[in-house]
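Have a look at the structure below before the remarks.
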4 protein chains.
Amino acid sequence: MPGRTANKYEEHRQAAIRAAAAVFVEKGFHGSSTKDIAEKLGIKQGSLYYYFDSKEQALSEVCLFGIRDYVSHMAEIAASEEPFEAKLEATVASHLHAYRERSEALKVYNDERLYLPAAKRRRLKALGTKYRRELESIFAAAMEQGVVRDSVDPHFAAQAVIGLCNAFGDLIVRNREPDLGETIRRCMDLLINGFVGNYKEDQT
Amino acid sequence: MPGRTANKYEEHRQAAIRAAAAVFVEKGFHGSSTKDIAEKLGIKQGSLYYYFDSKEQALSEVCLFGIRDYVSHMAEIAASEEPFEAKLEATVASHLHAYRERSEALKVYNDERLYLPAAKRRRLKALGTKYRRELESIFAAAMEQGVVRDSVDPHFAAQAVIGLCNAFGDLIVRNREPDLGETIRRCMDLLINGFVGNYKEDQT
Amino acid sequence: MPGRTANKYEEHRQAAIRAAAAVFVEKGFHGSSTKDIAEKLGIKQGSLYYYFDSKEQALSEVCLFGIRDYVSHMAEIAASEEPFEAKLEATVASHLHAYRERSEALKVYNDERLYLPAAKRRRLKALGTKYRRELESIFAAAMEQGVVRDSVDPHFAAQAVIGLCNAFGDLIVRNREPDLGETIRRCMDLLINGFVGNYKEDQT
Amino acid sequence: MPGRTANKYEEHRQAAIRAAAAVFVEKGFHGSSTKDIAEKLGIKQGSLYYYFDSKEQALSEVCLFGIRDYVSHMAEIAASEEPFEAKLEATVASHLHAYRERSEALKVYNDERLYLPAAKRRRLKALGTKYRRELESIFAAAMEQGVVRDSVDPHFAAQAVIGLCNAFGDLIVRNREPDLGETIRRCMDLLINGFVGNYKEDQT
DNA sequence: AATGAATGAGAGTTCATTCAT
DNA sequence: TATGAATGAACTCTCATTCAT
């Protein structure tokens, strides 16, 4: 049975990453001690270093774990042939589901990545930028087709979608907001129609 | 001239709070040392304790400083006789201007308040809740007047406004986003009209 | 009384350097703990860092302290107008007295300097090389005057003098060899009657 | 074939001792980790304990390995019927060749033996003392025969020979000093023409 | 004969805090 | 009003060692 031990190690390592994510979410990177993480894992503090070279590397892995799938999911959405609204909804749903599932890691990515050394941060930032760019291009395409008003700025729009999702993601992670579907629907309603709808032309 | 010295002290104290805010924003509460704060103030580490009883108290003061005016401003807005859209715009503008001006403190409130002990956190949370409630009631009133679609949930709406403002607040604090007026206008456009506008009836 | 506090600090710092030297001599750099040093000083471990930035810096200071005066003393000897034998004796005496007085530091320089990071080591090495060079030039000059046989290699000779002095320096530091004058005399006898002596032609 | 396996084990064990010696020379005993040694051997850290009971025992074996042959070689020299100068040259040559060949172990003995517990250290010291005694007796015998001036102290002389050889041994180990024969010749020249030489009466 | 995994003790270092001055 | 000096607790990280396999 070759690869067995390697797999075992990798499993434990994944568990360590998840434990780190959970602790970092609760106490922040600097507020968390390696002892906290080890305890959550059920091992002794020093043993953590069998899985990580340093606390910082743990953060780095958590962040990567937090966005990897979520970014690649966005790539699929952007490449699909769906109409604008479906793509937008897929984005919002994917973003919020990510919070539900690998919840902590994504939040850690959002809140703590800036404590990583510049080099690692840049690599993560590239992923984040990729995500935003793809979302922007979805908006840009929709504007060309006249589906989105052309007074809208794609850059702003993407930022707004991400910000909105993160805001509700926070609530999901911390308050365990129950009805995800409801939240997705309301976010879509806001993004598509605004709160007022049938909008009036003039406002300052 | 006892009042004089008291004032002097209070001035220095305010400076200390602002210095703490600046440091906390940059490095996070747990990532900041009292030495960092003292250095930003131009005094020695031990001297900080003339102004704060503890590092934690410093955080508490920063948070309070960060939301006090901003909450009381919201009270004024809510109490005013303006129509819905004007109130909403005043809210967004106030929120984003707060980031511009006493920028750091508000961000610290958002990001670091959960490191305060439960007691202090509750008092702050009350202020935050007051803010959200007032915003909710603005929405509720607008719905009663038919200005806002009644498919909208006031709780969700308030959360969304706050989340959106915080998201752009982040960018303001960290990237020094230049055109505040533009950002306010775009946020209003989104909140009022959505990205698609003249909205279609059916969406999942 | 200006400069008082600065002096006080500097005094304590010197004491710390000497304490470090004593501990390093006994246990070696890696075998010594900062706790050991602090205890020798009569302060608590963490307080050491008021005087040193790191254990390594302590080593660096000890090494510098160990050779500085001793190198500058050699410069004086080399520059003096004394005849060869007087210079050589002054060198040996200076070297051995250095072991007696700031004994530990010099031995630490000899034994532990290679644990310093390359940069610091190079700076120290420059001093050591300066010492050897000056000793070499003393020999070279003596050879030109015919005081030293010209079959002697100045480089080897300098190395030998230094090696011999260090060997007896070791004994001085560890065994507290009592009669320094006697040791100096014997070393001179060996060295002079070797390098100068009406030596016999034949040996292998 | 039990002898076979025992031999195999003993071979590996010797390799382990040599690996330990190499690492100890480079980083010192306390600066070396068992992982370092294992890596040099090409095995994993835990596997080292198949060959040593403890890191300290490894040091002990290295030291023993470092002086054993070299001490027994001295016994042969002392027992031989050669004249004084031949014996001295054999001593110097043996000492310096030892550095060349099993170089590291001998240097480890010199530099690190004092980190051994008192008991083991005493046993090694006995060997070292034996070495020095035999060298002393060579000098004493030569003095009786009038080959060495009787102003020479045998104890000092032995110490000086050992110190000199160690000093150049250091250079051999670290700098890979190329011409061993040359170094031996120069050392002999220094020693002979010092101790025997038609020396001049007056020196301070 | 060798390894993977874990451990516990201890290392160097940082830091909030205190207090005499 | 502010500082220099010190402290003790906590932290990250290393490492000799053990042991089941």
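Residue numbering restarts at 1 for every chain of the structure tokens, chains are lettered A, B, ... in their displayed order, and ligands are numbered from 1 as they appear.
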Return the neighbours of chain B among the residues of chain A, cut-off 6 Å, counting only C-alpha atoms, as a CSV table (one decimal) with C-alpha atoms, in the first residue's frame.
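To be explicit, this is the file written out as iface_0.csv:
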```csv
chain,number,residue,atom,x,y,z
A,30,HIS,CA,-1.5,37.7,16.4
A,31,GLY,CA,-4.1,37.0,19.1
A,148,VAL,CA,-26.5,46.7,-17.2
A,149,ARG,CA,-26.9,50.4,-17.3
A,163,GLY,CA,-17.9,43.8,-0.2
A,164,LEU,CA,-21.5,42.9,0.2
A,167,ALA,CA,-20.2,41.6,4.9
A,190,LEU,CA,-30.5,44.6,-4.1
A,191,LEU,CA,-27.8,44.2,-6.8
A,192,ILE,CA,-30.2,43.9,-9.6
A,193,ASN,CA,-33.0,46.3,-8.6
A,194,GLY,CA,-31.8,48.4,-5.8
A,195,PHE,CA,-34.0,49.1,-2.9
A,196,VAL,CA,-36.2,51.5,-4.7
A,197,GLY,CA,-36.5,49.9,-8.1
A,198,ASN,CA,-38.3,51.5,-11.1
A,199,TYR,CA,-35.7,54.0,-10.5
```
Give me the residues near F:DC13 as a list of chain:residue names, where near means some atom within 10 Å (using only C-alpha atoms (C1' of nucleotides)) and where sequence neighbours in that chain fewer than 6 positions away do not count.
A:Gly46, A:Tyr49, A:Asp53, A:Ser54, A:Lys55, E:DA11, E:DG12
Output file for the selection above: N, CA and C atoms (P, O5', C5', C4', C3', O3' and C1' of nucleotides), as an mmCIF file, in the first residue's frame:
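Written file, again35.cif:
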```
data_model
loop_
_atom_site.group_PDB
_atom_site.id
_atom_site.type_symbol
_atom_site.label_atom_id
_atom_site.label_comp_id
_atom_site.auth_asym_id
_atom_site.auth_seq_id
_atom_site.Cartn_x
_atom_site.Cartn_y
_atom_site.Cartn_z
ATOM 1 N N GLY A 46 4.434 21.742 20.634
ATOM 2 C CA GLY A 46 5.620 21.540 19.817
ATOM 3 C C GLY A 46 5.352 20.664 18.596
ATOM 4 N N TYR A 49 4.791 21.747 14.846
ATOM 5 C CA TYR A 49 5.883 22.047 13.933
ATOM 6 C C TYR A 49 6.260 20.848 13.083
ATOM 7 N N ASP A 53 6.174 24.853 9.301
ATOM 8 C CA ASP A 53 7.502 25.353 9.629
ATOM 9 C C ASP A 53 7.426 26.522 10.596
ATOM 10 N N SER A 54 6.332 27.212 10.546
ATOM 11 C CA SER A 54 6.183 28.381 11.411
ATOM 12 C C SER A 54 4.707 28.747 11.483
ATOM 13 N N LYS A 55 4.386 29.545 12.442
ATOM 14 C CA LYS A 55 3.015 30.024 12.589
ATOM 15 C C LYS A 55 2.617 30.800 11.335
ATOM 16 P P DA E 11 17.375 26.354 29.088
ATOM 17 O "O5'" DA E 11 17.572 27.210 27.776
ATOM 18 C "C5'" DA E 11 18.193 26.604 26.639
ATOM 19 C "C4'" DA E 11 17.710 27.289 25.396
ATOM 20 C "C3'" DA E 11 17.707 28.802 25.507
ATOM 21 O "O3'" DA E 11 18.913 29.305 24.968
ATOM 22 C "C1'" DA E 11 15.692 27.969 24.497
ATOM 23 P P DG E 12 19.268 30.783 25.300
ATOM 24 O "O5'" DG E 12 18.369 31.569 24.239
ATOM 25 C "C5'" DG E 12 18.660 31.410 22.870
ATOM 26 C "C4'" DG E 12 17.718 32.276 22.062
ATOM 27 C "C3'" DG E 12 17.868 33.770 22.325
ATOM 28 O "O3'" DG E 12 17.698 34.446 21.081
ATOM 29 C "C1'" DG E 12 15.674 33.087 22.905
#
```
Please identify which residues in stretch 8-198 of chain B DSSP calls alpha helix (DSSP H) from the backbone, and express them as a ChimeraX atom specification.
/B:8-27,34-41,55-79,84-101,103-112,118-144,154-175,180-193
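Residues of chain F having any atom within 9 Å of chain A, counting only C-alpha atoms (C1' of nucleotides), are DC11, DT12, DC13 and DT14 of chain F.
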Superposition output for chain B against chain D, all Cα paired in order, as a PDB file with C-alpha atoms, in the first residue's frame:
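In the end it all went to result-v3.pdb:
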```pdb
ATOM      1  CA  MET B   1      26.456 -15.420  10.150  1.00  0.00           C
ATOM      2  CA  PRO B   2      26.188 -13.400  13.301  1.00  0.00           C
ATOM      3  CA  GLY B   3      29.712 -12.070  13.008  1.00  0.00           C
ATOM      4  CA  ARG B   4      28.836 -10.626   9.660  1.00  0.00           C
ATOM      5  CA  THR B   5      25.929  -8.575  10.871  1.00  0.00           C
ATOM      6  CA  ALA B   6      27.886  -7.462  13.883  1.00  0.00           C
ATOM      7  CA  ASN B   7      30.607  -6.212  11.573  1.00  0.00           C
ATOM      8  CA  LYS B   8      28.146  -4.418   9.406  1.00  0.00           C
ATOM      9  CA  TYR B   9      26.740  -2.740  12.451  1.00  0.00           C
ATOM     10  CA  GLU B  10      30.192  -1.781  13.642  1.00  0.00           C
ATOM     11  CA  GLU B  11      31.001  -0.287  10.271  1.00  0.00           C
ATOM     12  CA  HIS B  12      27.898   1.827  10.299  1.00  0.00           C
ATOM     13  CA  ARG B  13      28.663   2.841  13.816  1.00  0.00           C
ATOM     14  CA  GLN B  14      32.112   4.026  12.837  1.00  0.00           C
ATOM     15  CA  ALA B  15      30.579   6.013  10.036  1.00  0.00           C
ATOM     16  CA  ALA B  16      28.223   7.567  12.551  1.00  0.00           C
ATOM     17  CA  ILE B  17      31.116   8.539  14.783  1.00  0.00           C
ATOM     18  CA  ARG B  18      32.938  10.145  11.917  1.00  0.00           C
ATOM     19  CA  ALA B  19      29.811  11.996  10.853  1.00  0.00           C
ATOM     20  CA  ALA B  20      29.359  13.267  14.371  1.00  0.00           C
ATOM     21  CA  ALA B  21      32.986  14.377  14.461  1.00  0.00           C
ATOM     22  CA  ALA B  22      32.596  16.312  11.253  1.00  0.00           C
ATOM     23  CA  VAL B  23      29.495  18.082  12.494  1.00  0.00           C
ATOM     24  CA  PHE B  24      30.897  18.812  15.933  1.00  0.00           C
ATOM     25  CA  VAL B  25      34.000  20.364  14.434  1.00  0.00           C
ATOM     26  CA  GLU B  26      31.987  22.644  12.270  1.00  0.00           C
ATOM     27  CA  LYS B  27      29.371  23.793  14.740  1.00  0.00           C
ATOM     28  CA  GLY B  28      30.609  22.777  18.141  1.00  0.00           C
ATOM     29  CA  PHE B  29      28.876  20.245  20.329  1.00  0.00           C
ATOM     30  CA  HIS B  30      26.074  22.464  21.551  1.00  0.00           C
ATOM     31  CA  GLY B  31      25.676  24.090  18.185  1.00  0.00           C
ATOM     32  CA  SER B  32      25.149  20.756  16.444  1.00  0.00           C
ATOM     33  CA  SER B  33      21.834  19.007  16.360  1.00  0.00           C
ATOM     34  CA  THR B  34      21.265  15.302  16.090  1.00  0.00           C
ATOM     35  CA  LYS B  35      19.447  16.107  12.894  1.00  0.00           C
ATOM     36  CA  ASP B  36      22.626  17.625  11.481  1.00  0.00           C
ATOM     37  CA  ILE B  37      24.511  14.445  12.239  1.00  0.00           C
ATOM     38  CA  ALA B  38      21.808  12.218  10.840  1.00  0.00           C
ATOM     39  CA  GLU B  39      21.688  14.235   7.659  1.00  0.00           C
ATOM     40  CA  LYS B  40      25.421  13.974   7.184  1.00  0.00           C
ATOM     41  CA  LEU B  41      24.991  10.222   7.516  1.00  0.00           C
ATOM     42  CA  GLY B  42      22.042  10.119   5.177  1.00  0.00           C
ATOM     43  CA  ILE B  43      19.630   8.698   7.707  1.00  0.00           C
ATOM     44  CA  LYS B  44      16.760  10.157   9.688  1.00  0.00           C
ATOM     45  CA  GLN B  45      17.138  11.812  13.019  1.00  0.00           C
ATOM     46  CA  GLY B  46      15.473   9.120  15.089  1.00  0.00           C
ATOM     47  CA  SER B  47      17.620   6.435  13.510  1.00  0.00           C
ATOM     48  CA  LEU B  48      20.747   7.842  15.072  1.00  0.00           C
ATOM     49  CA  TYR B  49      19.652   6.327  18.340  1.00  0.00           C
ATOM     50  CA  TYR B  50      20.311   2.947  16.889  1.00  0.00           C
ATOM     51  CA  TYR B  51      23.985   3.821  17.098  1.00  0.00           C
ATOM     52  CA  PHE B  52      24.164   6.137  20.067  1.00  0.00           C
ATOM     53  CA  ASP B  53      22.304   6.216  23.340  1.00  0.00           C
ATOM     54  CA  SER B  54      22.514   9.963  23.423  1.00  0.00           C
ATOM     55  CA  LYS B  55      24.131  12.907  21.767  1.00  0.00           C
ATOM     56  CA  GLU B  56      26.521  13.085  24.655  1.00  0.00           C
ATOM     57  CA  GLN B  57      27.604   9.545  24.143  1.00  0.00           C
ATOM     58  CA  ALA B  58      28.324  10.430  20.550  1.00  0.00           C
ATOM     59  CA  LEU B  59      30.634  13.157  21.748  1.00  0.00           C
ATOM     60  CA  SER B  60      32.311  10.757  24.070  1.00  0.00           C
ATOM     61  CA  GLU B  61      32.934   8.261  21.293  1.00  0.00           C
ATOM     62  CA  VAL B  62      34.232  10.929  18.988  1.00  0.00           C
ATOM     63  CA  CYS B  63      36.687  12.116  21.607  1.00  0.00           C
ATOM     64  CA  LEU B  64      37.868   8.634  22.318  1.00  0.00           C
ATOM     65  CA  PHE B  65      38.269   7.930  18.635  1.00  0.00           C
ATOM     66  CA  GLY B  66      40.151  11.188  18.363  1.00  0.00           C
ATOM     67  CA  ILE B  67      42.898  10.378  20.795  1.00  0.00           C
ATOM     68  CA  ARG B  68      43.102   6.629  21.136  1.00  0.00           C
ATOM     69  CA  ASP B  69      45.431   5.833  18.264  1.00  0.00           C
ATOM     70  CA  TYR B  70      47.264   8.997  18.716  1.00  0.00           C
ATOM     71  CA  VAL B  71      48.011   8.221  22.344  1.00  0.00           C
ATOM     72  CA  SER B  72      49.014   4.658  21.594  1.00  0.00           C
ATOM     73  CA  HIS B  73      51.259   5.920  18.848  1.00  0.00           C
ATOM     74  CA  MET B  74      52.977   8.100  21.396  1.00  0.00           C
ATOM     75  CA  ALA B  75      53.508   5.066  23.595  1.00  0.00           C
ATOM     76  CA  GLU B  76      55.352   3.425  20.738  1.00  0.00           C
ATOM     77  CA  ILE B  77      57.485   6.474  20.206  1.00  0.00           C
ATOM     78  CA  ALA B  78      58.353   6.757  23.850  1.00  0.00           C
ATOM     79  CA  ALA B  79      59.275   3.097  24.013  1.00  0.00           C
ATOM     80  CA  SER B  80      61.491   3.217  20.947  1.00  0.00           C
ATOM     81  CA  GLU B  81      65.256   3.407  21.069  1.00  0.00           C
ATOM     82  CA  GLU B  82      65.550   6.437  18.842  1.00  0.00           C
ATOM     83  CA  PRO B  83      67.572   9.480  19.864  1.00  0.00           C
ATOM     84  CA  PHE B  84      65.771  12.526  21.270  1.00  0.00           C
ATOM     85  CA  GLU B  85      65.375  14.522  18.127  1.00  0.00           C
ATOM     86  CA  ALA B  86      63.973  11.592  16.207  1.00  0.00           C
ATOM     87  CA  LYS B  87      61.462  10.984  18.957  1.00  0.00           C
ATOM     88  CA  LEU B  88      60.442  14.613  19.020  1.00  0.00           C
ATOM     89  CA  GLU B  89      60.038  14.692  15.294  1.00  0.00           C
ATOM     90  CA  ALA B  90      58.017  11.502  15.364  1.00  0.00           C
ATOM     91  CA  THR B  91      55.782  13.099  17.961  1.00  0.00           C
ATOM     92  CA  VAL B  92      55.215  16.255  15.998  1.00  0.00           C
ATOM     93  CA  ALA B  93      54.682  14.355  12.789  1.00  0.00           C
ATOM     94  CA  SER B  94      52.271  11.956  14.428  1.00  0.00           C
ATOM     95  CA  HIS B  95      50.348  14.798  15.997  1.00  0.00           C
ATOM     96  CA  LEU B  96      49.981  16.770  12.810  1.00  0.00           C
ATOM     97  CA  HIS B  97      49.239  13.712  10.702  1.00  0.00           C
ATOM     98  CA  ALA B  98      46.511  12.836  13.122  1.00  0.00           C
ATOM     99  CA  TYR B  99      44.924  16.163  12.344  1.00  0.00           C
ATOM    100  CA  ARG B 100      45.210  15.512   8.667  1.00  0.00           C
ATOM    101  CA  GLU B 101      43.704  12.065   8.767  1.00  0.00           C
ATOM    102  CA  ARG B 102      41.139  11.721  11.453  1.00  0.00           C
ATOM    103  CA  SER B 103      41.363  15.414  11.715  1.00  0.00           C
ATOM    104  CA  GLU B 104      37.978  16.303  13.066  1.00  0.00           C
ATOM    105  CA  ALA B 105      37.863  13.877  15.922  1.00  0.00           C
ATOM    106  CA  LEU B 106      41.091  15.110  17.443  1.00  0.00           C
ATOM    107  CA  LYS B 107      39.987  18.687  17.240  1.00  0.00           C
ATOM    108  CA  VAL B 108      36.698  17.779  18.826  1.00  0.00           C
ATOM    109  CA  TYR B 109      38.596  16.138  21.631  1.00  0.00           C
ATOM    110  CA  ASN B 110      40.540  19.327  22.169  1.00  0.00           C
ATOM    111  CA  ASP B 111      37.671  21.751  21.980  1.00  0.00           C
ATOM    112  CA  GLU B 112      34.591  19.988  23.189  1.00  0.00           C
ATOM    113  CA  ARG B 113      35.628  17.366  25.706  1.00  0.00           C
ATOM    114  CA  LEU B 114      34.883  19.679  28.573  1.00  0.00           C
ATOM    115  CA  TYR B 115      31.180  19.381  27.796  1.00  0.00           C
ATOM    116  CA  LEU B 116      31.262  15.763  28.823  1.00  0.00           C
ATOM    117  CA  PRO B 117      30.099  14.815  32.280  1.00  0.00           C
ATOM    118  CA  ALA B 118      32.875  14.649  34.832  1.00  0.00           C
ATOM    119  CA  ALA B 119      33.153  10.872  34.840  1.00  0.00           C
ATOM    120  CA  LYS B 120      33.737  10.463  31.135  1.00  0.00           C
ATOM    121  CA  ARG B 121      35.933  13.495  31.061  1.00  0.00           C
ATOM    122  CA  ARG B 122      38.222  12.025  33.664  1.00  0.00           C
ATOM    123  CA  ARG B 123      38.743   8.882  31.666  1.00  0.00           C
ATOM    124  CA  LEU B 124      39.703  10.924  28.630  1.00  0.00           C
ATOM    125  CA  LYS B 125      41.843  13.208  30.668  1.00  0.00           C
ATOM    126  CA  ALA B 126      43.783  10.188  31.872  1.00  0.00           C
ATOM    127  CA  LEU B 127      44.669   9.420  28.270  1.00  0.00           C
ATOM    128  CA  GLY B 128      45.644  13.012  27.642  1.00  0.00           C
ATOM    129  CA  THR B 129      47.757  13.048  30.759  1.00  0.00           C
ATOM    130  CA  LYS B 130      49.414   9.789  29.741  1.00  0.00           C
ATOM    131  CA  TYR B 131      50.346  11.428  26.463  1.00  0.00           C
ATOM    132  CA  ARG B 132      51.811  14.461  28.153  1.00  0.00           C
ATOM    133  CA  ARG B 133      53.660  12.389  30.719  1.00  0.00           C
ATOM    134  CA  GLU B 134      55.339  10.310  28.091  1.00  0.00           C
ATOM    135  CA  LEU B 135      56.367  13.399  26.247  1.00  0.00           C
ATOM    136  CA  GLU B 136      57.689  14.836  29.480  1.00  0.00           C
ATOM    137  CA  SER B 137      59.711  11.756  30.128  1.00  0.00           C
ATOM    138  CA  ILE B 138      61.228  11.986  26.685  1.00  0.00           C
ATOM    139  CA  PHE B 139      62.401  15.462  27.588  1.00  0.00           C
ATOM    140  CA  ALA B 140      63.595  14.392  31.016  1.00  0.00           C
ATOM    141  CA  ALA B 141      65.637  11.572  29.529  1.00  0.00           C
ATOM    142  CA  ALA B 142      67.152  13.912  26.984  1.00  0.00           C
ATOM    143  CA  MET B 143      68.118  16.326  29.696  1.00  0.00           C
ATOM    144  CA  GLU B 144      69.852  13.614  31.651  1.00  0.00           C
ATOM    145  CA  GLN B 145      71.833  12.795  28.544  1.00  0.00           C
ATOM    146  CA  GLY B 146      72.669  16.461  28.135  1.00  0.00           C
ATOM    147  CA  VAL B 147      70.916  16.670  24.809  1.00  0.00           C
ATOM    148  CA  VAL B 148      68.530  19.224  26.134  1.00  0.00           C
ATOM    149  CA  ARG B 149      69.615  22.220  28.165  1.00  0.00           C
ATOM    150  CA  ASP B 150      68.831  21.693  31.798  1.00  0.00           C
ATOM    151  CA  SER B 151      67.294  25.096  32.146  1.00  0.00           C
ATOM    152  CA  VAL B 152      64.352  23.565  30.322  1.00  0.00           C
ATOM    153  CA  ASP B 153      61.342  22.401  32.339  1.00  0.00           C
ATOM    154  CA  PRO B 154      59.987  19.097  30.981  1.00  0.00           C
ATOM    155  CA  HIS B 155      56.445  19.935  31.988  1.00  0.00           C
ATOM    156  CA  PHE B 156      56.587  23.253  30.216  1.00  0.00           C
ATOM    157  CA  ALA B 157      58.282  21.684  27.237  1.00  0.00           C
ATOM    158  CA  ALA B 158      55.614  19.016  26.791  1.00  0.00           C
ATOM    159  CA  GLN B 159      52.869  21.598  27.141  1.00  0.00           C
ATOM    160  CA  ALA B 160      54.584  23.770  24.568  1.00  0.00           C
ATOM    161  CA  VAL B 161      54.964  20.983  22.045  1.00  0.00           C
ATOM    162  CA  ILE B 162      51.358  19.986  22.423  1.00  0.00           C
ATOM    163  CA  GLY B 163      50.176  23.580  22.246  1.00  0.00           C
ATOM    164  CA  LEU B 164      52.199  24.282  19.155  1.00  0.00           C
ATOM    165  CA  CYS B 165      50.966  21.171  17.411  1.00  0.00           C
ATOM    166  CA  ASN B 166      47.374  21.962  18.285  1.00  0.00           C
ATOM    167  CA  ALA B 167      47.726  25.498  17.013  1.00  0.00           C
ATOM    168  CA  PHE B 168      48.905  24.275  13.639  1.00  0.00           C
ATOM    169  CA  GLY B 169      46.406  21.445  13.799  1.00  0.00           C
ATOM    170  CA  ASP B 170      43.677  24.068  13.910  1.00  0.00           C
ATOM    171  CA  LEU B 171      44.984  25.637  10.773  1.00  0.00           C
ATOM    172  CA  ILE B 172      45.189  22.260   9.118  1.00  0.00           C
ATOM    173  CA  VAL B 173      41.612  21.384   9.973  1.00  0.00           C
ATOM    174  CA  ARG B 174      40.113  24.704   9.056  1.00  0.00           C
ATOM    175  CA  ASN B 175      42.311  26.110   6.343  1.00  0.00           C
ATOM    176  CA  ARG B 176      43.499  22.841   4.881  1.00  0.00           C
ATOM    177  CA  GLU B 177      47.078  24.076   5.147  1.00  0.00           C
ATOM    178  CA  PRO B 178      48.686  22.261   2.257  1.00  0.00           C
ATOM    179  CA  ASP B 179      52.278  21.425   3.002  1.00  0.00           C
ATOM    180  CA  LEU B 180      52.354  19.229   6.071  1.00  0.00           C
ATOM    181  CA  GLY B 181      56.003  18.247   5.700  1.00  0.00           C
ATOM    182  CA  GLU B 182      57.045  21.855   5.575  1.00  0.00           C
ATOM    183  CA  THR B 183      55.076  22.638   8.693  1.00  0.00           C
ATOM    184  CA  ILE B 184      56.624  19.730  10.541  1.00  0.00           C
ATOM    185  CA  ARG B 185      60.098  20.844   9.538  1.00  0.00           C
ATOM    186  CA  ARG B 186      59.535  24.380  10.704  1.00  0.00           C
ATOM    187  CA  CYS B 187      58.082  23.261  14.010  1.00  0.00           C
ATOM    188  CA  MET B 188      61.093  21.068  14.602  1.00  0.00           C
ATOM    189  CA  ASP B 189      63.410  23.906  13.770  1.00  0.00           C
ATOM    190  CA  LEU B 190      61.680  26.123  16.278  1.00  0.00           C
ATOM    191  CA  LEU B 191      61.631  23.504  18.995  1.00  0.00           C
ATOM    192  CA  ILE B 192      65.217  22.486  18.520  1.00  0.00           C
ATOM    193  CA  ASN B 193      66.887  25.786  17.707  1.00  0.00           C
ATOM    194  CA  GLY B 194      64.517  28.577  18.477  1.00  0.00           C
ATOM    195  CA  PHE B 195      64.207  31.474  16.119  1.00  0.00           C
ATOM    196  CA  VAL B 196      67.499  33.041  16.991  1.00  0.00           C
ATOM    197  CA  GLY B 197      69.664  29.970  17.401  1.00  0.00           C
ATOM    198  CA  ASN B 198      73.373  29.943  18.482  1.00  0.00           C
ATOM    199  CA  TYR B 199      71.810  31.487  21.413  1.00  0.00           C
ATOM    200  CA  LYS B 200      73.231  34.297  23.472  1.00  0.00           C
ATOM    201  CA  GLU B 201      73.700  33.754  27.158  1.00  0.00           C
ATOM    202  CA  ASP B 202      71.955  36.730  28.613  1.00  0.00           C
ATOM    203  CA  GLN B 203      68.275  37.423  28.346  1.00  0.00           C
ATOM    204  CA  THR B 204      66.169  38.831  31.105  1.00  0.00           C
TER     205      THR B 204
END
```
With only C-alpha atoms (C1' of nucleotides) considered, list every residue of chain E at most 10 Å from chain D, as a PyMOL selection string.
chain E and resi 1-4
Mind dumping the selected residues with N, CA and C atoms (P, O5', C5', C4', C3', O3' and C1' of nucleotides) as a PDB file, in the first residue's frame?
```pdb
ATOM      1  P    DA E   1      21.325  -4.684  12.433  1.00  0.00           P
ATOM      2  O5'  DA E   1      20.219  -3.943  11.527  1.00  0.00           O
ATOM      3  C5'  DA E   1      20.367  -3.933  10.123  1.00  0.00           C
ATOM      4  C4'  DA E   1      19.557  -2.799   9.561  1.00  0.00           C
ATOM      5  C3'  DA E   1      20.062  -1.426   9.976  1.00  0.00           C
ATOM      6  O3'  DA E   1      20.065  -0.613   8.813  1.00  0.00           O
ATOM      7  C1'  DA E   1      17.790  -1.675  10.636  1.00  0.00           C
ATOM      8  P    DA E   2      20.390   0.886   8.959  1.00  0.00           P
ATOM      9  O5'  DA E   2      18.932   1.486   9.140  1.00  0.00           O
ATOM     10  C5'  DA E   2      17.972   1.202   8.114  1.00  0.00           C
ATOM     11  C4'  DA E   2      16.671   1.874   8.455  1.00  0.00           C
ATOM     12  C3'  DA E   2      16.775   3.346   8.794  1.00  0.00           C
ATOM     13  O3'  DA E   2      16.174   4.066   7.708  1.00  0.00           O
ATOM     14  C1'  DA E   2      15.253   2.207  10.211  1.00  0.00           C
ATOM     15  P    DT E   3      15.952   5.631   7.840  1.00  0.00           P
ATOM     16  O5'  DT E   3      14.449   5.639   8.327  1.00  0.00           O
ATOM     17  C5'  DT E   3      13.481   4.921   7.558  1.00  0.00           C
ATOM     18  C4'  DT E   3      12.114   5.193   8.128  1.00  0.00           C
ATOM     19  C3'  DT E   3      11.844   6.673   8.393  1.00  0.00           C
ATOM     20  O3'  DT E   3      10.644   7.001   7.743  1.00  0.00           O
ATOM     21  C1'  DT E   3      11.300   5.375  10.292  1.00  0.00           C
ATOM     22  P    DG E   4      10.368   8.430   7.342  1.00  0.00           P
ATOM     23  O5'  DG E   4       8.991   8.600   8.112  1.00  0.00           O
ATOM     24  C5'  DG E   4       8.018   7.582   7.983  1.00  0.00           C
ATOM     25  C4'  DG E   4       6.926   7.794   9.018  1.00  0.00           C
ATOM     26  C3'  DG E   4       6.448   9.227   9.162  1.00  0.00           C
ATOM     27  O3'  DG E   4       5.062   9.151   9.458  1.00  0.00           O
ATOM     28  C1'  DG E   4       7.375   8.525  11.226  1.00  0.00           C
TER      29       DG E   4
END
```
